[in-house]
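Okay, run_35.txt now, which holds compact mmCIF, C-alpha atoms:
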```txt
# COMPACT_ATOMS: atom_id res chain seq x y z
CA MET M 1 -14.34 73.35 64.76
CA THR M 2 -11.60 75.74 63.62
CA CYS M 3 -8.25 74.57 62.33
CA GLY M 4 -5.45 76.00 60.23
CA ALA M 5 -5.64 79.22 58.26
CA ALA M 6 -9.27 79.08 57.15
CA ASP M 7 -12.57 77.50 58.19
CA PRO M 8 -12.67 73.93 56.85
CA VAL M 9 -15.65 72.23 55.34
CA VAL M 10 -17.06 69.96 58.08
CA MET M 11 -20.21 67.96 58.69
CA ASP M 12 -23.10 70.07 59.94
CA ASP M 13 -23.13 68.46 63.39
CA ASP M 14 -19.84 66.62 63.87
CA ASP M 15 -20.73 65.43 67.37
CA ALA M 16 -23.80 63.60 66.06
CA PHE M 17 -21.66 61.06 64.24
CA ARG M 18 -19.72 58.13 65.64
CA PHE M 19 -15.96 57.76 65.35
CA GLU M 20 -16.02 55.41 62.36
CA THR M 21 -18.10 57.91 60.36
CA ARG M 22 -16.02 60.90 61.38
CA SER M 23 -12.79 59.13 60.45
CA ILE M 24 -14.02 59.08 56.84
CA HIS M 25 -15.92 62.36 56.58
CA ALA M 26 -14.86 64.88 59.24
CA GLY M 27 -13.19 67.96 57.80
CA GLN M 28 -13.89 66.84 54.25
CA ALA M 29 -16.58 67.24 51.60
CA PRO M 30 -16.65 66.65 47.84
CA ASP M 31 -14.92 69.43 45.93
CA GLU M 32 -17.49 72.12 45.17
CA GLU M 33 -16.24 72.80 41.65
CA THR M 34 -15.58 69.28 40.36
CA GLY M 35 -17.40 66.99 42.77
CA ALA M 36 -14.13 65.11 43.45
CA LEU M 37 -14.76 62.83 46.40
CA MET M 38 -11.23 62.80 47.81
CA THR M 39 -9.63 65.93 49.25
CA PRO M 40 -7.61 67.56 46.43
CA ILE M 41 -3.84 67.80 46.76
CA HIS M 42 -3.32 71.54 46.65
CA ALA M 43 0.25 71.64 45.37
CA ASN M 44 0.62 75.38 45.75
CA SER M 45 3.26 77.51 47.40
CA THR M 46 1.41 80.80 46.98
CA TYR M 47 -2.11 82.08 46.28
CA GLU M 48 -3.60 84.94 44.28
CA GLN M 49 -4.77 87.89 46.37
CA ASP M 50 -7.77 90.00 45.43
CA ALA M 51 -6.00 93.16 46.62
CA PRO M 52 -2.88 93.80 48.68
CA GLY M 53 -3.42 92.02 51.99
CA GLU M 54 -6.84 90.70 50.91
CA HIS M 55 -6.81 86.94 50.33
CA ARG M 56 -9.35 84.10 50.38
CA GLY M 57 -8.01 82.38 53.49
CA TYR M 58 -4.64 81.37 52.09
CA GLU M 59 -1.57 83.36 51.13
CA TYR M 60 1.46 81.05 51.50
CA SER M 61 1.46 77.30 52.07
CA ARG M 62 3.78 77.34 55.07
CA THR M 63 1.08 79.41 56.77
CA GLY M 64 -1.86 77.39 55.51
CA ASN M 65 -2.81 74.95 52.77
CA PRO M 66 -6.34 73.67 52.00
CA THR M 67 -5.28 70.01 52.08
CA ARG M 68 -3.65 70.57 55.45
CA THR M 69 -6.73 72.39 56.72
CA ASP M 70 -8.89 69.35 55.97
CA LEU M 71 -6.43 67.05 57.73
CA GLU M 72 -6.26 69.30 60.79
CA ALA M 73 -10.05 69.38 61.04
CA ASN M 74 -10.22 65.60 60.70
CA LEU M 75 -7.63 65.01 63.43
CA ALA M 76 -9.28 67.48 65.80
CA SER M 77 -12.60 65.71 65.33
CA LEU M 78 -11.13 62.27 66.01
CA GLU M 79 -9.49 63.47 69.23
CA GLY M 80 -12.66 65.28 70.29
CA GLY M 81 -10.83 68.62 70.27
CA GLU M 82 -11.59 72.03 68.87
CA TYR M 83 -8.25 72.79 67.24
CA GLY M 84 -5.73 70.76 65.28
CA ARG M 85 -2.30 71.53 63.83
CA ALA M 86 -0.29 69.29 61.52
CA PHE M 87 3.51 69.15 61.33
CA SER M 88 6.17 67.59 59.16
CA SER M 89 7.02 65.00 61.84
CA GLY M 90 6.08 63.91 65.32
CA MET M 91 9.27 65.52 66.60
CA GLY M 92 8.22 68.75 64.90
CA ALA M 93 5.01 68.63 66.93
CA ILE M 94 6.88 67.92 70.17
CA ASN M 95 9.33 70.73 69.45
CA THR M 96 6.38 73.11 68.99
CA VAL M 97 5.11 72.31 72.50
CA LEU M 98 8.62 72.88 73.86
CA ASN M 99 8.67 76.25 72.09
CA LEU M 100 6.19 77.38 74.76
CA LEU M 101 8.92 77.10 77.40
CA GLU M 102 11.46 79.69 78.49
CA SER M 103 14.90 79.48 80.01
CA GLY M 104 14.58 78.45 83.65
CA ASP M 105 11.41 76.42 83.18
CA HIS M 106 11.05 72.87 84.46
CA VAL M 107 9.40 69.82 82.86
CA VAL M 108 8.36 66.55 84.50
CA THR M 109 8.30 63.54 82.19
CA GLY M 110 8.47 59.75 82.12
CA GLU M 111 11.63 57.75 82.65
CA ASP M 112 10.92 55.50 79.65
CA VAL M 113 9.80 58.06 77.06
CA TYR M 114 10.56 57.49 73.39
CA GLY M 115 14.28 57.85 72.66
CA GLY M 116 13.76 60.77 70.26
CA THR M 117 11.77 62.61 72.92
CA HIS M 118 14.50 61.94 75.48
CA ARG M 119 17.08 63.24 72.99
CA ILE M 120 15.34 66.56 72.27
CA PHE M 121 14.75 67.07 75.99
CA THR M 122 18.31 66.38 77.14
CA GLN M 123 20.46 67.24 74.13
CA VAL M 124 18.59 70.26 72.79
CA TYR M 125 16.43 71.98 75.40
CA GLU M 126 18.64 71.36 78.41
CA GLY M 127 21.14 73.48 76.46
CA TYR M 128 18.62 76.33 76.67
CA ASP M 129 18.49 76.00 80.48
CA VAL M 130 15.23 74.04 80.58
CA GLU M 131 15.32 71.43 83.34
CA PHE M 132 13.82 67.94 83.00
CA THR M 133 12.98 65.46 85.75
CA PHE M 134 12.35 61.85 84.71
CA VAL M 135 10.03 59.84 86.97
CA ASP M 136 7.87 56.74 87.07
CA MET M 137 4.67 58.11 85.57
CA THR M 138 2.59 55.23 86.90
CA ASP M 139 3.13 56.60 90.43
CA VAL M 140 1.01 59.74 90.84
CA ASP M 141 2.71 60.56 94.15
CA GLU M 142 6.08 60.50 92.42
CA ILE M 143 4.78 62.89 89.76
CA ASP M 144 3.48 65.21 92.44
CA ALA M 145 6.77 65.09 94.36
CA ALA M 146 8.70 66.03 91.22
CA MET M 147 6.68 69.17 90.53
CA GLN M 148 8.42 72.45 91.32
CA ALA M 149 7.44 76.09 91.48
CA ASN M 150 8.87 76.56 87.97
CA THR M 151 7.26 73.43 86.45
CA GLU M 152 5.41 74.50 83.31
CA LEU M 153 4.79 71.18 81.59
CA LEU M 154 3.98 67.57 82.43
CA TRP M 155 4.82 65.45 79.37
CA LEU M 156 3.76 61.84 79.31
CA GLU M 157 3.08 58.87 77.04
CA THR M 158 0.50 56.18 77.70
CA PRO M 159 1.02 53.40 76.97
CA THR M 160 4.71 54.19 77.21
CA ASN M 161 7.37 53.33 74.68
CA PRO M 162 8.59 50.60 74.94
CA LEU M 163 7.56 49.19 78.34
CA MET M 164 3.83 49.69 77.74
CA SER M 165 3.32 51.23 81.17
CA VAL M 166 -0.09 52.82 81.66
CA VAL M 167 -0.45 56.30 83.14
CA ASP M 168 -3.69 57.47 84.74
CA ILE M 169 -4.36 60.49 82.53
CA ALA M 170 -7.03 62.05 84.75
CA ALA M 171 -4.89 61.76 87.89
CA ALA M 172 -1.75 63.05 86.15
CA SER M 173 -3.66 65.97 84.62
CA ASP M 174 -5.03 66.91 88.04
CA VAL M 175 -1.50 66.98 89.46
CA ALA M 176 -0.29 69.19 86.61
CA HIS M 177 -3.16 71.61 86.99
CA ASP M 178 -2.80 71.75 90.78
CA HIS M 179 0.72 73.05 90.16
CA GLY M 180 -0.28 75.43 87.38
CA ALA M 181 1.34 73.36 84.64
CA LEU M 182 0.11 72.10 81.29
CA CYS M 183 -0.42 68.38 80.73
CA ALA M 184 0.55 67.03 77.30
CA ILE M 185 -0.04 63.43 76.23
CA ASP M 186 1.71 61.62 73.39
CA ASN M 187 -1.20 59.48 72.17
CA THR M 188 0.63 57.83 69.27
CA PHE M 189 0.48 54.25 70.59
CA ALA M 190 -3.21 54.32 71.50
CA THR M 191 -4.57 56.52 68.68
CA PRO M 192 -7.81 58.48 69.20
CA TYR M 193 -9.78 55.36 68.25
CA LEU M 194 -8.74 53.74 71.54
CA GLN M 195 -8.04 56.73 73.81
CA ARG M 196 -8.88 60.44 73.81
CA PRO M 197 -6.79 62.23 76.46
CA LEU M 198 -8.71 65.53 76.27
CA GLU M 199 -11.72 63.69 77.70
CA HIS M 200 -9.59 62.87 80.77
CA GLY M 201 -8.31 66.39 81.43
CA ALA M 202 -5.20 66.72 79.26
CA ASP M 203 -4.49 70.10 77.67
CA ILE M 204 -2.55 68.94 74.61
CA VAL M 205 -2.51 65.73 72.60
CA SER M 206 0.50 64.94 70.42
CA HIS M 207 0.76 62.38 67.61
CA SER M 208 3.30 60.98 65.25
CA LEU M 209 1.12 60.72 62.15
CA THR M 210 3.80 58.45 60.73
CA LYS M 211 2.42 55.61 62.81
CA TYR M 212 -1.17 54.33 63.06
CA LEU M 213 -2.91 57.43 61.72
CA GLY M 214 -0.97 57.23 58.46
CA GLY M 215 -1.01 53.48 58.81
CA HIS M 216 0.92 52.40 55.72
CA SER M 217 4.58 53.22 56.47
CA ASP M 218 4.72 55.70 53.60
CA VAL M 219 4.47 59.15 55.20
CA VAL M 220 6.08 61.12 58.03
CA GLY M 221 4.06 63.66 59.99
CA GLY M 222 2.98 64.96 63.38
CA ALA M 223 0.03 66.70 64.98
CA LEU M 224 -1.15 68.62 68.03
CA VAL M 225 -4.78 68.84 69.17
CA THR M 226 -6.16 71.05 71.94
CA ASP M 227 -9.37 72.66 73.18
CA ASP M 228 -7.53 75.83 74.22
CA ALA M 229 -7.79 78.66 71.69
CA ASP M 230 -4.78 80.48 73.12
CA LEU M 231 -2.61 77.38 72.87
CA ASP M 232 -3.77 76.77 69.32
CA GLU M 233 -2.90 80.36 68.38
CA GLN M 234 0.60 79.86 69.74
CA PHE M 235 0.96 76.54 67.91
CA GLY M 236 -0.12 78.28 64.71
CA PHE M 237 2.46 81.00 65.25
CA TYR M 238 5.29 78.48 65.71
CA GLN M 239 3.95 76.37 62.87
CA ASN M 240 4.38 79.36 60.56
CA ALA M 241 7.46 80.90 62.16
CA VAL M 242 9.51 77.69 62.41
CA GLY M 243 8.12 76.08 59.27
CA ALA M 244 7.93 72.42 60.31
CA THR M 245 4.77 71.92 58.25
CA PRO M 246 3.77 68.94 56.09
CA GLY M 247 3.37 69.15 52.34
CA PRO M 248 -0.05 68.66 50.75
CA PHE M 249 0.72 65.15 49.48
CA ASP M 250 1.74 64.09 53.00
CA CYS M 251 -1.54 65.48 54.32
CA PHE M 252 -3.45 63.61 51.62
CA LEU M 253 -1.76 60.34 52.59
CA VAL M 254 -2.64 60.77 56.26
CA LEU M 255 -6.26 61.56 55.37
CA ARG M 256 -6.32 58.33 53.37
CA GLY M 257 -4.98 56.55 56.47
CA THR M 258 -7.48 57.94 58.96
CA LYS M 259 -10.36 56.64 56.82
CA SER M 260 -9.40 53.04 57.59
CA LEU M 261 -8.10 53.61 61.14
CA PRO M 262 -11.00 51.90 62.97
CA VAL M 263 -10.93 48.67 60.98
CA ARG M 264 -7.13 48.49 61.10
CA MET M 265 -7.00 49.09 64.83
CA ASP M 266 -9.56 46.37 65.50
CA ARG M 267 -7.29 43.85 63.76
CA HIS M 268 -4.11 45.23 65.34
CA CYS M 269 -5.68 44.84 68.79
CA GLU M 270 -6.99 41.33 68.17
CA ASN M 271 -3.64 40.09 66.83
CA ALA M 272 -1.67 41.72 69.66
CA ARG M 273 -3.99 40.28 72.28
CA GLN M 274 -3.53 36.72 70.93
CA LEU M 275 0.22 37.09 70.44
CA ALA M 276 0.69 38.52 73.95
CA ALA M 277 -1.17 35.62 75.54
CA TRP M 278 0.93 33.12 73.53
CA LEU M 279 4.20 34.82 74.50
CA ASP M 280 3.12 34.98 78.13
CA ASP M 281 3.12 31.16 78.21
CA HIS M 282 6.39 30.77 76.29
CA ASP M 283 9.33 29.28 78.19
CA ARG M 284 11.90 31.54 76.48
CA VAL M 285 10.08 34.75 77.46
CA ASP M 286 10.61 36.24 80.91
CA THR M 287 8.06 39.06 80.82
CA VAL M 288 5.42 40.32 78.40
CA TYR M 289 4.44 43.99 78.49
CA TYR M 290 0.90 44.35 77.13
CA PRO M 291 -1.90 46.26 78.91
CA GLY M 292 -4.46 43.75 77.70
CA LEU M 293 -3.04 41.04 79.95
CA GLU M 294 -4.79 40.92 83.33
CA SER M 295 -1.36 40.41 84.90
CA HIS M 296 -0.19 43.79 83.58
CA PRO M 297 0.04 46.26 86.51
CA GLY M 298 -1.74 48.93 84.50
CA HIS M 299 -4.52 46.71 83.19
CA GLU M 300 -7.31 48.22 85.29
CA VAL M 301 -6.36 51.81 84.43
CA ALA M 302 -6.05 50.93 80.76
CA ALA M 303 -9.46 49.25 80.79
CA ARG M 304 -10.93 52.41 82.29
CA GLN M 305 -9.45 54.98 79.89
CA MET M 306 -8.94 52.94 76.70
CA ASP M 307 -11.51 51.27 74.45
CA ASP M 308 -9.05 48.47 73.64
CA PHE M 309 -5.41 47.76 74.41
CA GLY M 310 -3.61 48.51 71.16
CA GLY M 311 -1.30 46.77 68.73
CA MET M 312 2.01 47.37 70.49
CA LEU M 313 3.70 44.95 72.87
CA SER M 314 7.16 44.32 74.25
CA PHE M 315 8.72 41.24 75.80
CA GLU M 316 11.94 40.31 77.53
CA LEU M 317 13.77 37.32 76.16
CA ASP M 318 15.84 35.06 78.35
CA ALA M 319 18.83 36.12 76.25
CA THR M 320 21.92 38.31 75.98
CA LEU M 321 22.06 41.48 73.88
CA GLU M 322 23.75 39.52 71.11
CA ALA M 323 21.26 36.63 71.15
CA ALA M 324 18.32 39.04 71.19
CA SER M 325 19.87 40.80 68.19
CA GLU M 326 20.09 37.48 66.36
CA PHE M 327 16.44 36.80 67.20
CA VAL M 328 15.07 40.04 65.78
CA SER M 329 17.28 39.59 62.70
CA ALA M 330 15.91 36.07 62.06
CA THR M 331 12.21 36.90 61.72
CA GLN M 332 10.66 36.54 58.27
CA VAL M 333 7.12 37.93 58.59
CA PHE M 334 8.06 40.53 61.18
CA THR M 335 10.35 43.08 59.53
CA LEU M 336 13.35 44.31 61.50
CA ALA M 337 12.76 48.04 61.43
CA GLU M 338 12.15 51.08 63.60
CA SER M 339 8.80 52.88 63.62
CA LEU M 340 5.42 51.23 64.12
CA GLY M 341 1.75 51.36 63.28
CA GLY M 342 1.79 50.13 59.69
CA VAL M 343 -0.28 47.24 58.40
CA GLU M 344 2.86 45.09 58.35
CA SER M 345 4.36 43.70 61.55
CA LEU M 346 7.64 45.27 62.67
CA ILE M 347 10.09 44.12 65.31
CA GLU M 348 13.02 45.90 66.93
CA GLN M 349 15.44 45.81 69.84
CA PRO M 350 15.24 49.12 71.76
CA ALA M 351 18.76 48.98 73.27
CA PRO M 352 20.72 49.40 69.99
CA MET M 353 17.87 50.95 67.98
CA THR M 354 15.04 53.28 69.07
CA HIS M 355 16.46 53.95 72.57
CA ALA M 356 20.16 53.97 71.76
CA ALA M 357 20.24 57.73 72.56
CA ILE M 358 19.63 56.92 76.24
CA PRO M 359 22.86 56.09 78.14
CA ARG M 360 23.00 52.38 79.01
CA GLU M 361 23.06 52.98 82.75
CA GLU M 362 19.93 55.13 82.56
CA ARG M 363 18.32 52.67 80.17
CA LEU M 364 18.84 49.69 82.48
CA GLU M 365 17.65 51.67 85.49
CA ALA M 366 14.44 52.43 83.58
CA GLY M 367 13.91 48.73 82.85
CA LEU M 368 15.05 48.77 79.23
CA THR M 369 17.07 45.57 79.31
CA ASP M 370 19.40 44.18 76.65
CA GLY M 371 16.97 41.35 75.93
CA LEU M 372 13.95 43.63 75.50
CA VAL M 373 12.15 43.32 72.16
CA ARG M 374 9.38 45.61 70.91
CA ALA M 375 6.80 44.47 68.36
CA SER M 376 4.37 46.47 66.29
CA VAL M 377 1.80 43.76 65.58
CA GLY M 378 0.37 44.15 62.10
CA ILE M 379 -2.77 42.83 60.47
CA GLU M 380 -1.38 39.60 58.99
CA HIS M 381 -2.80 36.24 60.12
CA VAL M 382 -1.87 35.81 63.76
CA ASP M 383 -0.88 32.15 63.33
CA ASP M 384 1.79 33.22 60.84
CA LEU M 385 3.07 35.76 63.35
CA LYS M 386 3.33 33.14 66.09
CA ALA M 387 5.09 30.70 63.78
CA ASP M 388 7.56 33.39 62.73
CA VAL M 389 8.47 34.26 66.31
CA GLN M 390 8.85 30.57 67.13
CA GLN M 391 11.22 29.83 64.24
CA ALA M 392 13.33 32.90 65.08
CA MET M 393 13.59 31.76 68.69
CA GLU M 394 14.68 28.28 67.62
CA TYR M 395 17.29 29.75 65.32
CA ALA M 396 18.74 32.34 67.70
CA LEU M 397 18.18 31.02 71.20
CA ASP M 398 18.47 27.22 71.08
```
Show this structure as structure tokens.
Amino acid sequence: MTCGAADPVVMDDDDAFRFETRSIHAGQAPDEETGALMTPIHANSTYEQDAPGEHRGYEYSRTGNPTRTDLEANLASLEGGEYGRAFSSGMGAINTVLNLLESGDHVVTGEDVYGGTHRIFTQVYEGYDVEFTFVDMTDVDEIDAAMQANTELLWLETPTNPLMSVVDIAAASDVAHDHGALCAIDNTFATPYLQRPLEHGADIVSHSLTKYLGGHSDVVGGALVTDDADLDEQFGFYQNAVGATPGPFDCFLVLRGTKSLPVRMDRHCENARQLAAWLDDHDRVDTVYYPGLESHPGHEVAARQMDDFGGMLSFELDATLEAASEFVSATQVFTLAESLGGVESLIEQPAPMTHAAIPREERLEAGLTDGLVRASVGIEHVDDLKADVQQAMEYALD
């Protein structure tokens, strides 16, 4: 496994260990000089060279940092990839993939992608004459019909944000490759513990490390993982040239987070599964979007490509925009906040919050209604979460 500017210290045979073991040990070993168990925070901007142009793997921390190298190796191992690159944010990672494109290129993507992704596509890269087509990614025929001779990239999320739609990664990757395009998957919602897109044919996996991989709502970061050496070389070039790289303390925090990822995700999934079933029977809820429900249209695909169904769910209230806003403001255990993936439960209303960048007409057409609520289900006791939702409904909707 090769990541970053220098060869990291890794377990002798990484593939021989299961995910839970690799989450703690991959890419890391006790410090050779001191025996320190945790990866040191290498707070350096520059490094001594033995002679002009002769260094020991590091010369400047934008280019490479030992703490970052360990994180990149760890992330690559968890995704089952050969190469990993860490960035200062998830958007920094997405921007790096878009750096591969040229004026006149075409991208096919999902109609309900994350609002920040939609914004960089339409408000930044369309200005550079890159064309984007937004389609229903659950319909493989629609993906295929949208591909053009100049399509260079298929960008998708699964499960999607916030409607929790499930995309068949293998089928979508086949379509991309049939048209000579790359397939990139934003795997933030699922995490590599539940889903590993490279195993299903994807070329690139993207993450917001801010979310489940960090896991404690105290760090912002992003990552790209691939098996393609040429792609990794290009990502490394843009990583250095553009400079959207994380600091060593940020890398340390994410490494701390990945160690507990499996146990956290087990609890996130269990709580979300129980809360989704409870909401599905609630008379003030029109629709629940959670792949773990057998009624979910993507349940069978999710069961095939995911190991569990995740900690994210959305639901439509029988309410106006204003009433839904009152509801999310009245919760006491759920915190009204953007982002997701921390140990604490978060709740938000996509229309005025995470997806406000999408014009209302487009938003409604994509199914993002005014009464839609998104929940990042944390690891608190699930009965407290149910009681909190119930009291907020009684306050705002009755």
Quiz item: Taking only C-alpha atoms into account, which of M:Gly257, M:Gly115, M:Gly310, M:Pro30 comes nearest M:Asn187?
Solution: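 Closest candidate: M:Gly310.
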Quiz item: Looking at only C-alpha atoms, which of M:Asp230, M:Asp31, M:Glu270, M:Asp174 is the one that sits closest to M:Thr67?
Solution: M:Asp31
Quiz item: With all atoms listed in the file as the atoms that count, which of M:Thr191, M:Thr210, M:Thr69, M:Thr138 lies nearest to M:Leu163?
Solution: M:Thr138
Self-check item: Protein, DNA and RNA residues within 7 Å of (1.1, 75.5, 64.9), all atoms listed in the file, as a ChimeraX atom specification
Solution: /M:85,232,234-240
Practice problem: List every protein, DNA or RNA residue that has at least one atom no more than 10 Å from (-1.2, 44.2, 81.8) in the file's coordinates, counting all atoms listed in the file, and write the result as a ChimeraX atom specification. | Solution: /M:164-166,276,288-303,309
Output the selection as a PDB file, in the frame of the given file - C-alpha atoms for each residue.
```pdb
ATOM      1  CA  MET M 164       3.830  49.690  77.740  1.00  0.00           C
ATOM      2  CA  SER M 165       3.320  51.230  81.170  1.00  0.00           C
ATOM      3  CA  VAL M 166      -0.090  52.820  81.660  1.00  0.00           C
ATOM      4  CA  ALA M 276       0.690  38.520  73.950  1.00  0.00           C
ATOM      5  CA  VAL M 288       5.420  40.320  78.400  1.00  0.00           C
ATOM      6  CA  TYR M 289       4.440  43.990  78.490  1.00  0.00           C
ATOM      7  CA  TYR M 290       0.900  44.350  77.130  1.00  0.00           C
ATOM      8  CA  PRO M 291      -1.900  46.260  78.910  1.00  0.00           C
ATOM      9  CA  GLY M 292      -4.460  43.750  77.700  1.00  0.00           C
ATOM     10  CA  LEU M 293      -3.040  41.040  79.950  1.00  0.00           C
ATOM     11  CA  GLU M 294      -4.790  40.920  83.330  1.00  0.00           C
ATOM     12  CA  SER M 295      -1.360  40.410  84.900  1.00  0.00           C
ATOM     13  CA  HIS M 296      -0.190  43.790  83.580  1.00  0.00           C
ATOM     14  CA  PRO M 297       0.040  46.260  86.510  1.00  0.00           C
ATOM     15  CA  GLY M 298      -1.740  48.930  84.500  1.00  0.00           C
ATOM     16  CA  HIS M 299      -4.520  46.710  83.190  1.00  0.00           C
ATOM     17  CA  GLU M 300      -7.310  48.220  85.290  1.00  0.00           C
ATOM     18  CA  VAL M 301      -6.360  51.810  84.430  1.00  0.00           C
ATOM     19  CA  ALA M 302      -6.050  50.930  80.760  1.00  0.00           C
ATOM     20  CA  ALA M 303      -9.460  49.250  80.790  1.00  0.00           C
ATOM     21  CA  PHE M 309      -5.410  47.760  74.410  1.00  0.00           C
TER      22      PHE M 309
END
```
Self-check item: Pairwise distance for atom CA of M:Gly342 and atom CA of M:Pro248, rounded to one decimal in Å
Solution: 20.7 Å
Exercise. Choose the residue, out of M:His381, M:His355, M:Arg360, M:His42, that has the smallest atom-to-atom separation from M:His118; count all atoms listed in the file.
Key: M:His355
Quiz item: What is the distance between atom CA of M:Asp129 and atom CA of M:Leu209, in Å to one decimal?
Solution: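 These two atoms are separated by 29.5 Å.
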Quiz prompt | Atomic distance atom CA of M:Thr122 - atom CA of M:Pro359, expressed in Å with one decimal | solution =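 According to the coordinates, atom CA of M:Thr122 and atom CA of M:Pro359 are separated by 11.3 Å.
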Quiz item: Near M:Gln390, within 10 Å and counting all atoms listed in the file, which residues show up once chain neighbours fewer than 4 positions away are dropped, as a list in words?
Solution: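 The residues that qualify are Leu279, His282, Arg284, Phe327, Thr331, Asp384, Leu385, Lys386, Glu394 and Tyr395 of chain M.
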Quiz prompt | Of the listed residues M:Ala319, M:Leu101, M:Ala366, M:Val220, that which approaches M:Phe134 most closely, counting only C-alpha atoms | solution =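 Closest candidate: M:Ala366.
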Quiz item: With distances taken over only C-alpha atoms, which of M:Ser325, M:Thr63, M:Ser376, M:Thr335 is nearest to M:Pro352?
Solution: M:Ser325
Rows by chain and residue number, stretch 247-356 of chain M within 10 Å of stretch 70-78 of chain M, shortest pair, all atoms listed in the file, as CSV:
```
residue,atom,partner,partner_atom,distance
M:Pro248,CA,M:Leu71,CA,9.6
M:Asp250,CA,M:Leu71,CA,9.9
M:Cys251,CA,M:Leu71,CA,6.2
M:Phe252,CA,M:Leu71,CA,7.6
M:Leu253,CA,M:Leu71,CA,9.7
M:Val254,CA,M:Leu71,CA,7.5
M:Leu255,CA,M:Leu71,CA,6.0
M:Arg256,CA,M:Leu71,CA,9.7
M:Thr258,CA,M:Asn74,CA,8.3
M:Lys259,CA,M:Asn74,CA,9.8
```
Self-check item: Who sits within 9 Å of M:Arg374, only C-alpha atoms, same chain under 5 positions skipped, as a PyMOL selection string
Solution: chain M and resi 161-163+312-316+346-350
Self-check item: Spatial neighbours of M:Ala146, 8 Å, all atoms listed in the file, chain gap at least 6 places, as a ChimeraX atom specification
Solution: /M:108,133,135
Self-check item: Residues within 12 Å of M:Cys269, only C-alpha atoms, excluding chain neighbours under 4 positions, as number ranges by chain
Solution: M: 189-191, 193-194, 212, 261-265, 273-276, 290-292, 306-313, 341, 343, 376-380, 382
Residue subset to file, keeping C-alpha atoms, as a PDB file, keeping the file's coordinate frame:
```
ATOM      1  CA  PHE M 189       0.480  54.250  70.590  1.00  0.00           C
ATOM      2  CA  ALA M 190      -3.210  54.320  71.500  1.00  0.00           C
ATOM      3  CA  THR M 191      -4.570  56.520  68.680  1.00  0.00           C
ATOM      4  CA  TYR M 193      -9.780  55.360  68.250  1.00  0.00           C
ATOM      5  CA  LEU M 194      -8.740  53.740  71.540  1.00  0.00           C
ATOM      6  CA  TYR M 212      -1.170  54.330  63.060  1.00  0.00           C
ATOM      7  CA  LEU M 261      -8.100  53.610  61.140  1.00  0.00           C
ATOM      8  CA  PRO M 262     -11.000  51.900  62.970  1.00  0.00           C
ATOM      9  CA  VAL M 263     -10.930  48.670  60.980  1.00  0.00           C
ATOM     10  CA  ARG M 264      -7.130  48.490  61.100  1.00  0.00           C
ATOM     11  CA  MET M 265      -7.000  49.090  64.830  1.00  0.00           C
ATOM     12  CA  ARG M 273      -3.990  40.280  72.280  1.00  0.00           C
ATOM     13  CA  GLN M 274      -3.530  36.720  70.930  1.00  0.00           C
ATOM     14  CA  LEU M 275       0.220  37.090  70.440  1.00  0.00           C
ATOM     15  CA  ALA M 276       0.690  38.520  73.950  1.00  0.00           C
ATOM     16  CA  TYR M 290       0.900  44.350  77.130  1.00  0.00           C
ATOM     17  CA  PRO M 291      -1.900  46.260  78.910  1.00  0.00           C
ATOM     18  CA  GLY M 292      -4.460  43.750  77.700  1.00  0.00           C
ATOM     19  CA  MET M 306      -8.940  52.940  76.700  1.00  0.00           C
ATOM     20  CA  ASP M 307     -11.510  51.270  74.450  1.00  0.00           C
ATOM     21  CA  ASP M 308      -9.050  48.470  73.640  1.00  0.00           C
ATOM     22  CA  PHE M 309      -5.410  47.760  74.410  1.00  0.00           C
ATOM     23  CA  GLY M 310      -3.610  48.510  71.160  1.00  0.00           C
ATOM     24  CA  GLY M 311      -1.300  46.770  68.730  1.00  0.00           C
ATOM     25  CA  MET M 312       2.010  47.370  70.490  1.00  0.00           C
ATOM     26  CA  LEU M 313       3.700  44.950  72.870  1.00  0.00           C
ATOM     27  CA  GLY M 341       1.750  51.360  63.280  1.00  0.00           C
ATOM     28  CA  VAL M 343      -0.280  47.240  58.400  1.00  0.00           C
ATOM     29  CA  SER M 376       4.370  46.470  66.290  1.00  0.00           C
ATOM     30  CA  VAL M 377       1.800  43.760  65.580  1.00  0.00           C
ATOM     31  CA  GLY M 378       0.370  44.150  62.100  1.00  0.00           C
ATOM     32  CA  ILE M 379      -2.770  42.830  60.470  1.00  0.00           C
ATOM     33  CA  GLU M 380      -1.380  39.600  58.990  1.00  0.00           C
ATOM     34  CA  VAL M 382      -1.870  35.810  63.760  1.00  0.00           C
TER      35      VAL M 382
END
```
